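S.K.: Please find upload_4.txt (compact mmCIF, C-alpha atoms) on the next line:
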# COMPACT_ATOMS: atom_id res chain seq x y z
CA MET H 1 114.42 98.06 73.48
CA SER H 2 112.72 98.85 76.72
CA SER H 3 109.04 98.15 76.66
CA CYS H 4 106.06 100.01 78.03
CA GLY H 5 105.20 97.37 80.61
CA ALA H 6 105.26 98.49 84.20
CA PRO H 7 108.30 97.31 86.19
CA ALA H 8 108.10 95.58 89.57
CA GLN H 9 106.85 97.99 92.23
CA THR H 10 109.68 97.56 94.71
CA ALA H 11 109.65 99.45 98.00
CA THR H 12 113.14 100.87 97.44
CA LEU H 13 113.74 103.13 94.47
CA PRO H 14 116.08 101.67 91.80
CA ALA H 15 119.59 103.16 92.09
CA SER H 16 119.41 104.41 88.50
CA VAL H 17 116.62 106.89 89.30
CA ASP H 18 117.92 110.46 89.51
CA LEU H 19 115.67 112.39 91.92
CA SER H 20 117.16 115.72 90.86
CA VAL H 21 115.53 115.07 87.47
CA GLU H 22 112.56 112.73 88.05
CA THR H 23 109.24 113.54 89.71
CA VAL H 24 108.43 110.31 91.52
CA ILE H 25 104.96 109.74 92.99
CA THR H 26 105.09 106.72 95.26
CA GLY H 27 103.19 105.30 98.19
CA THR H 28 101.06 102.53 99.59
CA VAL H 29 97.48 101.37 99.14
CA THR H 30 95.92 100.47 102.49
CA ALA H 31 92.63 99.16 103.82
CA ALA H 32 92.00 99.45 107.55
CA GLY H 33 95.69 100.32 107.95
CA GLN H 34 96.89 97.13 106.20
CA PRO H 35 98.72 97.21 102.82
CA VAL H 36 96.73 95.97 99.81
CA SER H 37 98.74 93.96 97.28
CA GLY H 38 97.52 93.40 93.74
CA ALA H 39 95.57 96.67 93.63
CA TYR H 40 95.42 98.51 90.30
CA VAL H 41 96.64 102.08 90.81
CA ARG H 42 95.80 104.60 88.10
CA LEU H 43 97.57 107.96 87.67
CA LEU H 44 95.18 110.60 86.32
CA ASP H 45 96.36 114.04 85.16
CA ALA H 46 94.95 117.43 86.20
CA THR H 47 92.07 117.05 83.70
CA GLY H 48 91.23 113.56 84.98
CA GLU H 49 92.77 111.90 81.92
CA PHE H 50 94.34 108.47 82.47
CA THR H 51 98.15 108.59 82.32
CA ALA H 52 99.48 105.31 83.72
CA GLU H 53 98.58 102.25 85.74
CA VAL H 54 100.60 99.86 87.91
CA VAL H 55 99.79 96.92 90.18
CA THR H 56 100.85 97.19 93.83
CA SER H 57 103.56 94.91 95.22
CA GLU H 58 103.22 92.44 98.09
CA GLU H 59 103.79 95.43 100.40
CA GLY H 60 101.04 97.45 98.70
CA VAL H 61 103.59 99.77 97.08
CA PHE H 62 103.17 101.68 93.79
CA ARG H 63 105.38 104.17 91.94
CA PHE H 64 105.00 106.61 89.03
CA PHE H 65 107.46 108.78 87.15
CA ALA H 66 105.43 111.91 86.45
CA ALA H 67 106.08 115.63 86.09
CA PRO H 68 105.54 118.49 88.55
CA GLY H 69 101.84 119.40 88.87
CA LYS H 70 98.48 118.17 90.13
CA TRP H 71 97.64 114.48 89.81
CA THR H 72 95.05 112.03 91.09
CA VAL H 73 96.04 108.52 92.13
CA ARG H 74 93.11 106.08 92.11
CA ALA H 75 93.22 102.48 93.35
CA LEU H 76 90.90 99.62 92.27
CA SER H 77 90.90 96.38 94.24
CA ARG H 78 88.73 93.38 94.98
CA ILE H 79 87.79 94.87 98.33
CA GLY H 80 86.98 98.37 97.12
CA ASP H 81 88.29 101.53 95.47
CA GLY H 82 89.88 104.74 96.76
CA GLN H 83 91.69 107.82 95.49
CA THR H 84 93.67 110.86 96.59
CA GLU H 85 95.03 114.06 95.05
CA VAL H 86 98.71 114.98 94.96
CA SER H 87 100.55 118.19 94.06
CA ALA H 88 103.82 116.73 92.88
CA GLU H 89 107.18 118.49 92.86
CA ARG H 90 110.50 117.34 91.46
CA GLY H 91 111.94 114.61 93.65
CA LEU H 92 110.08 112.14 95.81
CA ASN H 93 106.34 112.62 96.50
CA GLU H 94 104.85 110.12 98.95
CA VAL H 95 101.12 109.43 99.26
CA THR H 96 98.85 106.85 100.86
CA ILE H 97 95.61 105.72 99.22
CA ALA H 98 93.09 104.46 101.76
CA ILE H 99 90.48 102.04 100.43
CA ALA H 100 87.07 101.99 102.03
CA ALA H 101 86.33 98.28 102.27
CA MET B 1 85.16 91.75 61.94
CA SER B 2 82.84 92.70 64.70
CA ARG B 3 82.68 92.67 68.46
CA GLU B 4 81.18 89.14 68.51
CA ASN B 5 84.02 87.76 66.38
CA ALA B 6 86.87 89.59 68.08
CA LEU B 7 86.03 89.75 71.77
CA VAL B 8 84.83 87.40 74.52
CA SER B 9 83.53 88.37 77.94
CA ALA B 10 84.98 87.10 81.21
CA ASP B 11 81.69 85.23 81.82
CA TRP B 12 81.94 83.48 78.46
CA ALA B 13 85.59 82.65 79.12
CA GLU B 14 84.91 81.16 82.54
CA LYS B 15 82.10 78.99 81.09
CA ASN B 16 84.37 77.75 78.30
CA LEU B 17 87.47 76.82 80.30
CA GLY B 18 88.84 73.43 79.28
CA GLN B 19 86.82 73.23 76.05
CA GLN B 20 88.39 71.31 73.18
CA GLY B 21 89.61 73.62 70.43
CA ILE B 22 89.85 76.69 72.66
CA VAL B 23 93.29 77.72 73.88
CA PHE B 24 93.74 80.51 76.42
CA VAL B 25 97.04 82.34 76.06
CA GLU B 26 98.40 84.87 78.53
CA VAL B 27 100.73 87.39 76.92
CA ASP B 28 102.88 89.65 79.00
CA GLU B 29 106.26 91.23 79.02
CA ASP B 30 106.72 90.35 82.67
CA THR B 31 105.67 86.71 82.92
CA THR B 32 105.90 86.54 86.72
CA ALA B 33 102.18 87.37 86.72
CA TYR B 34 101.49 84.12 84.83
CA ASP B 35 103.83 82.18 87.07
CA ASN B 36 102.03 83.41 90.20
CA GLY B 37 98.57 82.56 88.86
CA HIS B 38 96.83 82.35 85.49
CA ILE B 39 93.50 81.36 83.98
CA PRO B 40 93.13 77.56 84.31
CA GLY B 41 94.57 75.82 81.23
CA ALA B 42 96.22 78.95 79.83
CA VAL B 43 99.66 78.78 78.25
CA LYS B 44 101.99 81.78 78.31
CA ILE B 45 103.77 83.72 75.62
CA ASP B 46 106.60 85.98 76.71
CA TRP B 47 106.20 89.12 74.62
CA LYS B 48 109.83 90.12 74.87
CA LYS B 49 111.60 86.76 74.67
CA GLU B 50 109.28 84.91 72.28
CA LEU B 51 107.77 87.50 69.93
CA GLN B 52 110.82 89.72 69.30
CA ASP B 53 113.88 88.81 67.28
CA PRO B 54 116.72 88.51 69.80
CA VAL B 55 119.20 90.51 67.71
CA ARG B 56 117.52 92.82 65.19
CA ARG B 57 114.64 95.11 66.09
CA ASP B 58 111.93 93.13 64.33
CA PHE B 59 109.48 90.30 64.82
CA ILE B 60 110.31 86.63 64.73
CA ASN B 61 109.93 85.39 61.16
CA ARG B 62 107.28 83.08 59.76
CA ALA B 63 109.24 79.87 60.45
CA GLN B 64 109.99 80.99 64.00
CA PHE B 65 106.31 81.83 64.56
CA GLU B 66 105.36 78.36 63.29
CA GLU B 67 107.86 76.80 65.68
CA LEU B 68 106.62 78.93 68.58
CA LEU B 69 102.96 77.99 68.10
CA SER B 70 103.79 74.34 67.45
CA SER B 71 105.80 74.19 70.66
CA LYS B 72 102.92 75.81 72.59
CA GLY B 73 100.54 73.12 71.31
CA ILE B 74 98.41 75.53 69.29
CA SER B 75 97.02 74.29 65.98
CA ASN B 76 95.66 76.22 63.01
CA ASP B 77 92.05 75.24 63.84
CA ASP B 78 92.19 76.32 67.48
CA THR B 79 90.31 79.35 68.70
CA VAL B 80 92.91 81.35 70.59
CA ILE B 81 91.71 83.56 73.45
CA LEU B 82 94.37 86.13 74.34
CA TYR B 83 94.57 88.05 77.59
CA GLY B 84 97.18 89.78 79.71
CA GLY B 85 98.08 92.55 82.11
CA ASN B 86 98.59 96.26 81.33
CA ASN B 87 94.99 96.50 80.11
CA ASN B 88 95.59 93.84 77.45
CA TRP B 89 98.28 95.89 75.68
CA PHE B 90 100.56 92.94 75.03
CA ALA B 91 97.60 90.65 74.40
CA ALA B 92 96.31 93.13 71.80
CA TYR B 93 99.80 93.23 70.33
CA ALA B 94 99.76 89.42 70.14
CA TYR B 95 96.28 89.53 68.57
CA TRP B 96 97.60 91.82 65.85
CA TYR B 97 100.65 89.54 65.52
CA PHE B 98 98.47 86.41 65.15
CA LYS B 99 96.49 88.26 62.45
CA LEU B 100 99.75 89.37 60.81
CA TYR B 101 100.65 85.69 60.37
CA GLY B 102 97.11 84.78 59.30
CA HIS B 103 95.63 82.91 62.27
CA GLU B 104 91.87 82.63 61.63
CA ASN B 105 90.23 82.34 65.02
CA VAL B 106 91.71 84.62 67.60
CA LYS B 107 89.84 86.71 70.17
CA LEU B 108 90.67 89.00 73.02
CA LEU B 109 89.35 88.52 76.55
CA ASP B 110 87.49 91.75 77.37
CA GLY B 111 89.09 93.40 80.42
CA GLY B 112 92.06 91.03 80.34
CA ARG B 113 93.81 90.00 83.50
CA LYS B 114 92.63 93.06 85.43
CA LYS B 115 88.90 92.40 85.20
CA TRP B 116 89.49 88.68 85.80
CA GLU B 117 91.38 89.50 89.01
CA LEU B 118 89.03 92.24 90.20
CA ASP B 119 86.09 89.84 89.66
CA ALA B 120 87.97 87.31 91.85
CA ARG B 121 87.70 84.62 89.14
CA PRO B 122 89.85 81.45 89.44
CA LEU B 123 93.62 81.57 88.94
CA VAL B 124 95.93 78.55 89.11
CA THR B 125 99.67 77.98 89.07
CA GLU B 126 99.50 74.59 87.33
CA VAL B 127 101.08 74.76 83.86
CA PRO B 128 99.16 72.74 81.23
CA GLU B 129 100.85 70.11 79.08
CA ARG B 130 99.78 70.55 75.48
CA PRO B 131 101.00 68.08 72.85
CA ARG B 132 103.14 69.58 70.14
CA THR B 133 101.37 70.58 66.90
CA ASN B 134 102.48 71.23 63.36
CA TYR B 135 101.44 74.85 62.92
CA THR B 136 101.66 76.53 59.54
CA ALA B 137 101.66 80.34 59.30
CA LYS B 138 100.89 82.53 56.31
CA PRO B 139 103.22 85.23 54.97
CA GLN B 140 102.96 88.50 56.92
CA ASN B 141 99.84 90.48 56.05
CA LYS B 142 101.50 93.84 55.40
CA ALA B 143 98.07 95.47 55.01
CA ILE B 144 97.97 95.86 58.79
CA ARG B 145 101.62 96.83 59.44
CA ALA B 146 103.06 100.29 58.67
CA PHE B 147 106.75 101.08 58.20
CA ARG B 148 108.47 104.43 58.65
CA ASP B 149 108.51 105.69 55.05
CA GLU B 150 104.81 105.08 54.76
CA VAL B 151 104.26 106.97 58.00
CA VAL B 152 106.25 109.98 56.82
CA ALA B 153 104.28 109.92 53.54
CA ALA B 154 101.03 109.79 55.50
CA ILE B 155 101.62 113.17 57.16
CA GLY B 156 98.73 115.39 56.14
CA THR B 157 97.07 112.71 54.00
CA LYS B 158 96.02 109.73 56.16
CA ASN B 159 94.67 109.71 59.68
CA LEU B 160 97.60 109.47 62.07
CA VAL B 161 96.49 108.52 65.56
CA ASP B 162 98.96 108.98 68.39
CA VAL B 163 97.60 106.85 71.23
CA ARG B 164 100.10 107.87 73.91
CA SER B 165 99.10 109.99 76.89
CA PRO B 166 98.62 113.75 76.32
CA ASP B 167 101.91 114.50 78.09
CA GLU B 168 103.87 112.14 75.83
CA TYR B 169 102.08 113.53 72.74
CA SER B 170 102.88 117.14 73.63
CA GLY B 171 106.50 116.36 74.44
CA ARG B 172 106.25 116.98 78.19
CA LEU B 173 107.01 113.30 78.92
CA LEU B 174 109.08 110.84 76.88
CA ALA B 175 107.63 107.61 78.24
CA PRO B 176 104.56 106.39 80.12
CA ALA B 177 104.54 107.68 83.69
CA HIS B 178 105.34 104.34 85.29
CA LEU B 179 108.77 104.38 83.62
CA PRO B 180 111.88 106.54 84.15
CA GLN B 181 111.93 109.41 81.66
CA GLU B 182 115.51 109.26 80.39
CA GLN B 183 115.31 108.37 76.67
CA SER B 184 117.45 108.92 73.60
CA GLN B 185 114.82 110.05 71.13
CA ARG B 186 113.36 113.53 70.64
CA ALA B 187 110.04 114.40 72.29
CA GLY B 188 106.82 115.34 70.51
CA HIS B 189 104.55 113.77 67.88
CA ILE B 190 104.23 113.26 64.13
CA PRO B 191 102.78 116.45 62.60
CA THR B 192 99.03 116.19 61.82
CA ALA B 193 98.59 113.20 64.16
CA VAL B 194 95.60 113.52 66.47
CA ASN B 195 95.97 112.42 70.07
CA VAL B 196 93.50 109.77 71.19
CA PRO B 197 95.06 108.03 74.18
CA TRP B 198 94.47 104.25 74.02
CA SER B 199 92.84 104.55 77.44
CA LYS B 200 89.91 106.54 75.97
CA ALA B 201 88.77 103.26 74.43
CA ALA B 202 88.69 101.40 77.73
CA ASN B 203 86.57 101.50 80.85
CA GLU B 204 88.23 101.64 84.24
CA ASP B 205 88.11 97.83 84.55
CA GLY B 206 89.90 97.42 81.23
CA THR B 207 86.87 96.38 79.14
CA PHE B 208 86.24 98.16 75.84
CA ARG B 209 83.64 100.90 75.59
CA SER B 210 80.58 100.37 73.38
CA ASP B 211 80.86 100.73 69.60
CA GLU B 212 78.77 103.94 69.74
CA GLU B 213 81.03 105.50 72.38
CA LEU B 214 84.15 104.44 70.49
CA ARG B 215 82.93 105.86 67.18
CA GLN B 216 82.14 109.16 68.89
CA ILE B 217 85.52 109.37 70.67
CA TYR B 218 87.55 108.96 67.46
CA ALA B 219 85.25 111.14 65.36
CA GLU B 220 85.38 113.98 67.89
CA ALA B 221 89.18 113.76 67.97
CA GLY B 222 89.24 114.33 64.21
CA VAL B 223 89.61 110.82 62.80
CA ASP B 224 88.01 110.80 59.34
CA PHE B 225 86.51 107.31 58.95
CA SER B 226 86.54 107.65 55.15
CA ARG B 227 90.35 107.73 55.12
CA PRO B 228 93.03 105.13 55.89
CA THR B 229 94.50 105.24 59.39
CA ILE B 230 97.89 104.54 60.96
CA ALA B 231 98.10 104.19 64.74
CA TYR B 232 101.31 104.53 66.75
CA CYS B 233 102.53 104.86 70.33
CA ARG B 234 106.01 104.40 71.77
CA ILE B 235 106.83 100.80 70.81
CA GLY B 236 103.62 99.60 69.15
CA GLU B 237 101.73 97.73 71.85
CA ARG B 238 99.35 100.45 73.03
CA SER B 239 98.67 101.22 69.37
CA SER B 240 97.81 97.52 68.84
CA HIS B 241 95.04 98.15 71.36
CA THR B 242 93.78 101.05 69.21
CA TRP B 243 94.31 99.08 65.99
CA PHE B 244 92.07 96.42 67.54
CA VAL B 245 89.37 99.02 68.27
CA LEU B 246 89.41 100.62 64.83
CA HIS B 247 89.97 97.54 62.66
CA GLU B 248 88.30 94.74 64.62
CA LEU B 249 85.55 96.41 66.68
CA LEU B 250 84.63 99.35 64.44
CA ASP B 251 85.35 97.42 61.24
CA GLN B 252 87.42 100.12 59.52
CA ALA B 253 88.88 98.68 56.31
CA ASP B 254 92.34 100.24 56.16
CA VAL B 255 94.02 100.52 59.54
CA LYS B 256 97.72 99.84 60.15
CA ASN B 257 99.79 99.62 63.29
CA TYR B 258 103.18 101.37 63.13
CA ASP B 259 105.17 99.11 65.46
CA GLY B 260 108.33 101.20 65.05
CA SER B 261 106.36 103.96 66.74
CA TRP B 262 107.94 106.82 68.64
CA THR B 263 111.14 105.01 69.63
CA GLU B 264 111.87 104.78 65.89
CA TYR B 265 110.28 108.00 64.61
CA GLY B 266 111.71 110.17 67.40
CA SER B 267 115.21 108.92 66.54
CA LEU B 268 115.00 109.46 62.75
CA VAL B 269 117.20 112.17 61.26
CA GLY B 270 115.43 114.88 59.30
CA VAL B 271 111.76 114.03 59.89
CA PRO B 272 109.33 116.73 61.06
CA ILE B 273 108.16 116.77 64.69
CA ALA B 274 105.35 118.79 66.25
CA LEU B 275 105.45 119.93 69.88
CA GLY B 276 102.53 120.91 72.09
CA ASP B 277 98.90 119.87 72.34
CA GLN B 278 97.88 120.64 68.72
CA PRO B 279 98.36 118.24 65.77
CA GLY B 280 100.45 120.79 63.87
CA GLU B 281 100.74 121.11 60.09
CA ALA B 282 102.44 119.11 57.38
CA PRO B 283 105.80 120.73 56.55
CA LYS B 284 105.89 122.77 53.34
CA GLU B 285 108.08 121.67 50.44
CA ASP B 286 111.62 123.07 50.04
CA GLU B 287 112.15 123.99 53.64
I need this file expressed as structure tokens, please.
M.R.:
Amino acid sequence: MSSCGAPAQTATLPASVDLSVETVITGTVTAAGQPVSGAYVRLLDATGEFTAEVVTSEEGVFRFFAAPGKWTVRALSRIGDGQTEVSAERGLNEVTIAIAA
Amino acid sequence: MSRENALVSADWAEKNLGQQGIVFVEVDEDTTAYDNGHIPGAVKIDWKKELQDPVRRDFINRAQFEELLSSKGISNDDTVILYGGNNNWFAAYAYWYFKLYGHENVKLLDGGRKKWELDARPLVTEVPERPRTNYTAKPQNKAIRAFRDEVVAAIGTKNLVDVRSPDEYSGRLLAPAHLPQEQSQRAGHIPTAVNVPWSKAANEDGTFRSDEELRQIYAEAGVDFSRPTIAYCRIGERSSHTWFVLHELLDQADVKNYDGSWTEYGSLVGVPIALGDQPGEAPKEDE
């Protein structure tokens, strides 16, 4: 049984992910241009409702498997918070969340 | 139960590190978080390897639970403080599990690992040595665990609370959005179940909302506090979080967690499923 825990947020997409089917929202959390590891990234739907949360990797990378549509990605970290909007389409959607330290 | 008996704050926890009779336990599915840094003195429980039967889809039995806790150096008199990642999902699951096997003093760390980290509180990599104990568990308390037949019978009679995200509830997604979506079971929800995502009960930092806010959230969603309630999600850990809110914080008498949840229900042959954002109706007889 696969669980609901978030997998490791690797920079490269696992080979099993089919981008003709999945809507992947991925990117990096940065502060002053540097990646922020250990940030909590929250995926909020078009109504602002929480959908998922992952913790960024050593490289500041996060990844969600969503659906086409409007989403907000919001990052919480020890040094500050930040968020950005994304209009996702099927396939790979890349975003950067800048944190104001 | 009440908030004071079921929950401790991060401040309280930090002040009580190293106290005799208090054991901090980190529970996660991915234990690399513990290995890279945990609350000083905390032992780990691996949700997947240590709390699930390795062959059948079920929990470890009473004797295995006794062996697990004995080997972790936890005794029956200890106050166990559980915490973990994923907004305490697996810690809440373990809380429910400890209650299932009758442990008296168990509490959840409010905000779990997330608040602890965001507050920049101490984390260590040193693994504590705890002497082995002789733990004795009670038989499973089935009053807090629901099985599939009971869930099907509850359609239209008990409160069914689907705590997954709105997109999973409606059938637009099959799994939480940090996981690939390819799954074997059908999409949707149990007819008449209301959708109160587990996350409604939590603040952004992972702490629980106030009792007043919680009561209002569930009442507005259509939970009738005078009736018994069954909570479910996909595999039963997010619904443990909601079970904790309803049974432990809000002191509702009859609340069960359906740990089979959607990965079981959505694979059953012949059961009714509702699609879309509305609860839907109980199926009529003879259809």
S.K.: Would you kindly identify which residues have an atom no farther than 10 Å from (88.5, 97.6, 77.9), using all atoms listed in the file and the file's own coordinates, and write them out as a list in words?
M.R.: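 Returned residue set, sorted by chain then number, is Asn87, Asn88, Leu109, Asp110, Gly111, Gly112, Lys114, Lys115, Trp198, Ser199, Lys200, Ala201, Ala202, Asn203, Glu204, Asp205, Gly206, Thr207, Phe208, Arg209, Ser210, His241 and Val245 of chain B.
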S.K.: With all atoms listed in the file as the counted atoms, please give the residues lying no more than 9 Å from Ala52 (chain H), apart from itself and same-chain residues fewer than 2 positions off, as a list in words.
M.R.: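 Contacts, with the query itself left out: Ala6, Val41, Arg42, Leu43, Leu44, Phe50, Val54 and Phe64 of chain H; Ser165, Pro176, Ala177 and His178 of chain B.
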S.K.: Which chain B residues are at most 9 Å from chain H (counting only C-alpha atoms), as a ChimeraX atom specification?
M.R.: /B:28-30,48,57,85-87,89-90,114,117-120,164-167,172-173,175-182,197,199-200,204-205,234-235,237-238,263
S.K.: Can you work out the spacing between CA of Gly188 (chain B) and CA of Val223 (chain B) in Å, to one decimal?
M.R.: 19.4 Å
S.K.: Do a neighbour search on region 12-27 of chain B at 8 Å with only C-alpha atoms, toss out local chain neighbours closer than 5 positions, and write the hits as a list of chain:residue names.
M.R.: B:Tyr34, B:His38, B:Ile39, B:Pro40, B:Gly41, B:Ala42, B:Val43, B:Lys44, B:Ile45, B:Asp46, B:Trp47, B:Ile74, B:Asp77, B:Asp78, B:Thr79, B:Val80, B:Ile81, B:Leu82, B:Tyr83, B:Gly84, B:Gly85, B:Phe90, B:Ala91, B:Ala94, B:Leu109, B:Arg121
S.K.: Which value, in Å to one decimal, gives the distance between CA of Tyr258 (chain B) and CA of Glu150 (chain B)?
M.R.: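 Atom-to-atom, CA of Tyr258 (chain B) and CA of Glu150 (chain B) are spaced 9.3 Å apart.
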S.K.: Rounded to one decimal place, report the CA of Glu281 (chain B)-CA of Arg145 (chain B) distance in Å.
M.R.: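 Calculated distance between CA of Glu281 (chain B) and CA of Arg145 (chain B) is 24.3 Å.
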S.K.: Would you mind telling me which residue in H:Thr96, H:Gly91, H:Thr12, H:Val73 lies nearest to Thr30 (chain H) when using only C-alpha atoms?
M.R.: H:Thr96
S.K.: Looking at H:Glu85, H:Leu13, H:Ala75, H:Ala100, which one is nearest to Ala32 (chain H), with distances taken over all atoms listed in the file?
M.R.: H:Ala100
S.K.: Point out the residue among H:Thr84, H:Ser37, H:Thr47, H:Asn93 with the least atom-to-atom distance to Pro68 (chain H), counting all atoms listed in the file.
M.R.: H:Asn93
S.K.: Please list as number ranges by chain every residue within 8 Å of Val61 (chain H), counting all atoms listed in the file and excluding residues in the same chain fewer than 4 positions away.
M.R.: H: 9-11, 26-29, 35, 37, 56-57
S.K.: Could you give me, as a PyMOL selection string, the residues that have an atom at most 7 Å away from the point (101.3, 96.8, 67.9) in the coordinates of the file, using only C-alpha atoms?
M.R.: chain B and resi 93+96+236-240+257-259
